[in-house]
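To start, the structure under review is shown below, and the notes come after it.
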Amino acid sequence: MASDLAIDVHGLTKRFGKKVAVDHVDIAVPSGEVWGFLGPNGSGKTTTIRMLCGLLHPDDGNGTCLGLDVLTQSEAIKRQVGYMTQRFSFWEDLSIRENLEFVARLYELPERRNKVDRTLERLGLVRRQNQLAGELSGGWKQRMALAACMLHSPKLLLLDEPTAGVDPKARRDFWEEIHALSEEGLTVLVSTHYMDEAERCDRIVYILNGKLIARGSVDEVIAQSGLITFVLEGRDVRRLMQHIQNQPGVDYAGFFGAALHVSGRDRAALTRVIAPYRNQSGITVSETKPNLEDVFIHLQEQAK
Amino acid sequence: MTRAFSFARVYAILLKEFLQMRRDRITLGMIIGVPLMQLFLFGFAINFNPRALPTVISVDDPGVFARSVVAALENSSYFNVVAETNSPQKARRLLQEGKVLFAVEIPANFTRDIVRGAAPDLLIEVDATDTAAGSYAIGALNGIASSALRDDLKGPLAARAQGPPPFNPVTHLLYNPESVTQYNIIPGLLAVILTMTMVLMTCLALTRERERGTYENLLAMPATPVEIMMGKIAPNIVIGGIQSAIILLVAKFVFFVPMIGSLLLLSVALAIYITANLAVGYTFSTVAENQLQAMQMTMFFLLPAILLSGFAFPFDGMPVWAQWIGEVLPATHFLRIVRGILLKDNGFPEIWPDLWPLILFMFVVSGIALARFRRTLD
């Protein structure tokens, strides 16, 4: 049944002049799930999210958001969606509390004071409620923005890179909150560049140059890629990258920390490339399950 | 080691500034367009020595000399006779309504008295609320009438063509009998200052939200364009009211400007005028992409409000096309209203011809602002 899908859009397309920013994207997010929205910068994530919450009018495509038509009912959608912009977009010359009260008034929330109090408490903002938003550090700003987005008890949260530039601890806290919200039945679509965040999602979609090219759980996306990855470790591997990258059968070679990941889809060719290093002293070679980053960089390289 | 001063670094900054300037198309257009437009506009429109000032003549004498004076006035470039009547009351009404600046009255028996050598009165009533326009009028009337009569004084009356004029010029300065410039300028300043501050107040209303990135958030929430506009304009109406009160208090107690009309009526007109100007600023902010552009648009609006409204130069002395531009500006109408109420004790019927254009202007400009307002980021 369609009502089980919080987001259900087909062929969503947006052009800016000649550039096709989003090219026939289909997304169907079941209610209550947390979906990750991944893709390189400029691939169309923000544009897609803006179309979903009615801030941009799609040039093509159709569908529903919370059962409401994205083309004609965007005002009704706005009332039930919490949208967190990529760039902090609250009023920096207002305090946290004043920002939240303003939002609560715009949504005409009953028991405003009460609701603001509870939201401040839930996100641990009580002590800072009278601080100006402009004086907050990145992590607190995101927290305040999340508080403001949740104030009107939306059924769907659209978060556009909410944790960009936020420290690891704040990031972790932020995600705990997202999971808590999801358990209360909220649907969340969150765009991110962090692989660990992607792995915390029920499902991910990957967009590249405006096209959705991968979707599913993290394991599914990795399996779909058909990628085989070898890891070369040791003191001397740093010098090898240039050479290995140009060998036939190697789709992509790159470092993860100090280890060199060599990925490709042709096992025989890959084995041949790796062979000379297997017994070299100072280098250990092993096969590993490719991680998301391997897959994404691979997808990005392929598209070139 | 870096040098204490480097021209290369100055050049680097200079280059960057030029690059940024080039990207801002609207500003670039304004740099060239605004001076040219304003130069032509004001260069042709402004006239320190006004001509064709609207005049009513009331004639109560069928005689030949009266006709000569009327004909001479009609042919003069200084006066523009817009009406001729035989009732001084009607002439006075036209003055009161601001339809004319001068009322020339030729009394009964004008011709007979000249023939008798009795030097009849030739009365000119001047709307002295506009001191600049009136200053030349009295001299001009004497000259025109004298030379017209001189040609008529022939035969037995030829002797009277020499010497002083055969009539007695009488001048009534109405509404501002002492021709105090302040009485004209201070109410005018109320109009100009309010235009300036009110447009400035709102011209950044949306531009600032856009530059700070809060616009996207505002749009994502359920406020409608009308609600946003009203919410942004309303607080400034209060500010406009405070400013008006300050200006009027100073006008009364420092410049002793007479306030003989209804202050309640003035307050109503003020509220409409303030709102109209705030709507102009708000419309600019829906168009401007950044604060610089918004400020330039404000200046672009402000100069005509000062120069073409009748504040700095007599409105009736401008060419007709410039008067049409002036008629579009709220400052022009408010100027007439405020001078009319304060100095002439004009009531609602007299100010209505200038009040409805203000109301119309307010709604049209608000309509443009709402049409310009995008509910999406497209």
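Note on naming: chains are A, B, ... as they come in the structure tokens, residues start from 1 per chain, ligands start from 1 in the order shown.
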
Contacts of stretch 220-233 of chain A at 8 Å (only C-alpha atoms; same-chain gap of 3+ positions) as number ranges by chain = A: 214-217, 237, 258-267, 283-292, 295

Skipping near chain neighbours, those fewer than 4 positions away, what residues fall within 12 Å of B:Asn184 using only C-alpha atoms, listed as a ChimeraX atom specification?
-> /B:127-134,175-180,188-191,251,255-258,310-314,335-336,338-340,342-344

What are the DSSP strand (DSSP E or B) residues of stretch 127-265 of chain A, as a PyMOL selection string?
-> chain A and resi 132+156-160+187-191+203-208+211-216+228-234+252-256+259-264

Would you write out those residues with C-alpha atoms, as a PDB file, in the first residue's frame?
ATOM      1  CA  LEU A 132      22.633  33.617  20.588  1.00  0.00           C
ATOM      2  CA  LEU A 156       9.433  12.869   7.939  1.00  0.00           C
ATOM      3  CA  LEU A 157      12.853  14.400   8.513  1.00  0.00           C
ATOM      4  CA  LEU A 158      14.934  15.508   5.554  1.00  0.00           C
ATOM      5  CA  LEU A 159      18.459  16.207   6.758  1.00  0.00           C
ATOM      6  CA  ASP A 160      20.947  17.676   4.308  1.00  0.00           C
ATOM      7  CA  THR A 187      11.037   8.436   8.668  1.00  0.00           C
ATOM      8  CA  VAL A 188      14.442   9.972   8.016  1.00  0.00           C
ATOM      9  CA  LEU A 189      16.295  10.695   4.807  1.00  0.00           C
ATOM     10  CA  VAL A 190      19.758  11.950   5.599  1.00  0.00           C
ATOM     11  CA  SER A 191      22.464  12.922   3.161  1.00  0.00           C
ATOM     12  CA  ARG A 203      19.167   1.507   3.401  1.00  0.00           C
ATOM     13  CA  ILE A 204      21.227   3.797   1.245  1.00  0.00           C
ATOM     14  CA  VAL A 205      20.805   5.332  -2.164  1.00  0.00           C
ATOM     15  CA  TYR A 206      23.770   6.574  -4.139  1.00  0.00           C
ATOM     16  CA  ILE A 207      23.374   9.398  -6.625  1.00  0.00           C
ATOM     17  CA  LEU A 208      25.952  10.412  -9.202  1.00  0.00           C
ATOM     18  CA  LYS A 211      21.248   9.699 -11.517  1.00  0.00           C
ATOM     19  CA  LEU A 212      20.526   7.126  -8.824  1.00  0.00           C
ATOM     20  CA  ILE A 213      22.983   4.344  -9.520  1.00  0.00           C
ATOM     21  CA  ALA A 214      22.870   2.182  -6.406  1.00  0.00           C
ATOM     22  CA  ARG A 215      20.364   1.402  -3.707  1.00  0.00           C
ATOM     23  CA  GLY A 216      19.789  -1.148  -0.981  1.00  0.00           C
ATOM     24  CA  ILE A 228      36.922  -7.679  -5.228  1.00  0.00           C
ATOM     25  CA  THR A 229      39.398  -5.891  -3.032  1.00  0.00           C
ATOM     26  CA  PHE A 230      42.925  -6.820  -1.999  1.00  0.00           C
ATOM     27  CA  VAL A 231      44.778  -5.042   0.756  1.00  0.00           C
ATOM     28  CA  LEU A 232      48.505  -4.482   0.571  1.00  0.00           C
ATOM     29  CA  GLU A 233      50.147  -3.425   3.785  1.00  0.00           C
ATOM     30  CA  GLY A 234      53.673  -2.662   4.743  1.00  0.00           C
ATOM     31  CA  TYR A 252      40.847   1.484  -8.634  1.00  0.00           C
ATOM     32  CA  ALA A 253      43.789   1.592  -6.253  1.00  0.00           C
ATOM     33  CA  GLY A 254      43.894   3.892  -3.286  1.00  0.00           C
ATOM     34  CA  PHE A 255      44.926   4.256   0.304  1.00  0.00           C
ATOM     35  CA  PHE A 256      42.809   3.739   3.346  1.00  0.00           C
ATOM     36  CA  ALA A 259      46.873   0.275   3.594  1.00  0.00           C
ATOM     37  CA  LEU A 260      46.616   0.163  -0.184  1.00  0.00           C
ATOM     38  CA  HIS A 261      43.276  -1.115  -1.451  1.00  0.00           C
ATOM     39  CA  VAL A 262      43.366  -2.577  -4.945  1.00  0.00           C
ATOM     40  CA  SER A 263      39.910  -3.162  -6.361  1.00  0.00           C
ATOM     41  CA  GLY A 264      38.488  -4.587  -9.562  1.00  0.00           C
TER      42      GLY A 264
END

Just the residues within 6 Å of stretch 166-170 of chain B, please, counting only C-alpha atoms, with nothing from its chain fewer than 5 positions along; format it as a PyMOL selection string.
-> chain B and resi 119-123

Resulting file, chosen residues, N, CA and C atoms, as a short mmCIF file (atom, residue, chain, number, x, y, z; two decimals), in the first residue's frame:
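After the write, result-v5.cif holds the following:
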data_model
loop_
_atom_site.label_atom_id
_atom_site.label_comp_id
_atom_site.auth_asym_id
_atom_site.auth_seq_id
_atom_site.Cartn_x
_atom_site.Cartn_y
_atom_site.Cartn_z
N ALA B 119 -7.15 104.25 -11.22
CA ALA B 119 -6.24 103.18 -10.80
C ALA B 119 -6.94 102.07 -10.01
N PRO B 120 -7.74 101.25 -10.71
CA PRO B 120 -8.45 100.16 -10.01
C PRO B 120 -7.47 99.09 -9.52
N ASP B 121 -7.96 98.31 -8.57
CA ASP B 121 -7.12 97.23 -8.04
C ASP B 121 -6.97 96.12 -9.07
N LEU B 122 -5.77 95.56 -9.16
CA LEU B 122 -5.59 94.30 -9.88
C LEU B 122 -5.05 93.33 -8.84
N LEU B 123 -5.87 92.37 -8.46
CA LEU B 123 -5.55 91.52 -7.31
C LEU B 123 -4.93 90.20 -7.77
#

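Residues surrounding A:Val70 within 8 Å are Met51, Leu52, Cys53, Gly54, Asn62, Gly63, Thr64 and Ile77 of chain A [only C-alpha atoms; sequence separation below 6 positions excluded].
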
Same residues, N, CA and C atoms, saved as a PDB file, in the first residue's frame:
ATOM      1  N   MET A  51      13.344  19.273  -3.692  1.00  0.00           N
ATOM      2  CA  MET A  51      12.127  18.942  -4.441  1.00  0.00           C
ATOM      3  C   MET A  51      11.159  18.180  -3.552  1.00  0.00           C
ATOM      4  N   LEU A  52      11.709  17.321  -2.698  1.00  0.00           N
ATOM      5  CA  LEU A  52      10.841  16.523  -1.828  1.00  0.00           C
ATOM      6  C   LEU A  52      10.072  17.400  -0.849  1.00  0.00           C
ATOM      7  N   CYS A  53      10.692  18.472  -0.378  1.00  0.00           N
ATOM      8  CA  CYS A  53       9.980  19.283   0.622  1.00  0.00           C
ATOM      9  C   CYS A  53       9.353  20.523   0.013  1.00  0.00           C
ATOM     10  N   GLY A  54       9.280  20.580  -1.313  1.00  0.00           N
ATOM     11  CA  GLY A  54       8.498  21.638  -1.949  1.00  0.00           C
ATOM     12  C   GLY A  54       9.242  22.937  -2.155  1.00  0.00           C
ATOM     13  N   ASN A  62       6.810  12.655 -10.814  1.00  0.00           N
ATOM     14  CA  ASN A  62       5.676  12.840  -9.919  1.00  0.00           C
ATOM     15  C   ASN A  62       5.858  11.936  -8.719  1.00  0.00           C
ATOM     16  N   GLY A  63       4.897  11.981  -7.817  1.00  0.00           N
ATOM     17  CA  GLY A  63       4.973  11.109  -6.660  1.00  0.00           C
ATOM     18  C   GLY A  63       4.408  11.761  -5.435  1.00  0.00           C
ATOM     19  N   THR A  64       4.575  11.091  -4.333  1.00  0.00           N
ATOM     20  CA  THR A  64       4.009  11.587  -3.099  1.00  0.00           C
ATOM     21  C   THR A  64       5.050  11.621  -1.993  1.00  0.00           C
ATOM     22  N   ILE A  77       2.769  19.539   2.534  1.00  0.00           N
ATOM     23  CA  ILE A  77       3.947  18.732   2.839  1.00  0.00           C
ATOM     24  C   ILE A  77       4.839  19.474   3.833  1.00  0.00           C
TER      25      ILE A  77
END

Residues of chain A within 10 Å of chain B, counting only C-alpha atoms - could you list those as a short mmCIF file (atom, residue, chain, number, x, y, z; two decimals) with C-alpha atoms, in the first residue's frame?
data_model
loop_
_atom_site.label_atom_id
_atom_site.label_comp_id
_atom_site.auth_asym_id
_atom_site.auth_seq_id
_atom_site.Cartn_x
_atom_site.Cartn_y
_atom_site.Cartn_z
CA LYS A 14 15.32 19.11 -12.23
CA ARG A 15 17.17 21.18 -14.77
CA PHE A 16 19.05 24.41 -14.18
CA THR A 47 18.30 19.47 -5.20
CA ARG A 50 14.54 20.43 -1.92
CA MET A 51 12.13 18.94 -4.44
CA CYS A 53 9.98 19.28 0.62
CA GLY A 54 8.50 21.64 -1.95
CA LEU A 55 11.30 24.20 -2.14
CA LEU A 56 11.98 23.42 -5.77
CA HIS A 57 9.44 22.59 -8.40
CA PRO A 58 10.34 19.41 -10.31
CA SER A 74 3.85 21.25 -1.30
CA GLU A 75 2.36 23.62 1.28
CA ALA A 76 0.71 20.71 3.09
CA ILE A 77 3.95 18.73 2.84
CA LYS A 78 5.88 21.59 4.46
CA ARG A 79 3.69 21.30 7.56
CA GLN A 80 4.57 17.65 8.15
CA VAL A 81 8.19 17.60 7.10
CA GLY A 82 11.19 18.73 9.08
CA TYR A 83 13.89 20.00 6.76
CA MET A 84 17.38 20.76 7.97
CA THR A 85 19.38 22.78 5.50
CA GLN A 86 22.98 22.05 4.66
CA ARG A 87 24.08 25.51 5.70
CA PHE A 88 22.91 26.68 9.13
CA SER A 89 19.81 28.68 8.34
CA PHE A 90 18.44 29.88 11.65
CA TRP A 91 18.63 33.42 12.87
CA GLU A 92 22.03 34.01 14.38
CA VAL A 103 9.37 28.36 14.61
CA LEU A 106 4.97 29.93 12.56
CA TYR A 107 3.59 26.40 12.85
CA GLU A 108 0.92 27.70 15.25
CA CYS A 149 13.08 20.81 12.77
#

Minimum-distance residue to B:Leu95, chosen among B:Val126, B:Ala108, B:Ala118, B:Ala234 (using only C-alpha atoms) | B:Val126

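For the set B:Phe253, B:Arg93, B:Phe102, B:Val226, the residue with the smallest atom-to-atom gap to B:Leu370 is B:Val226, counting only C-alpha atoms.
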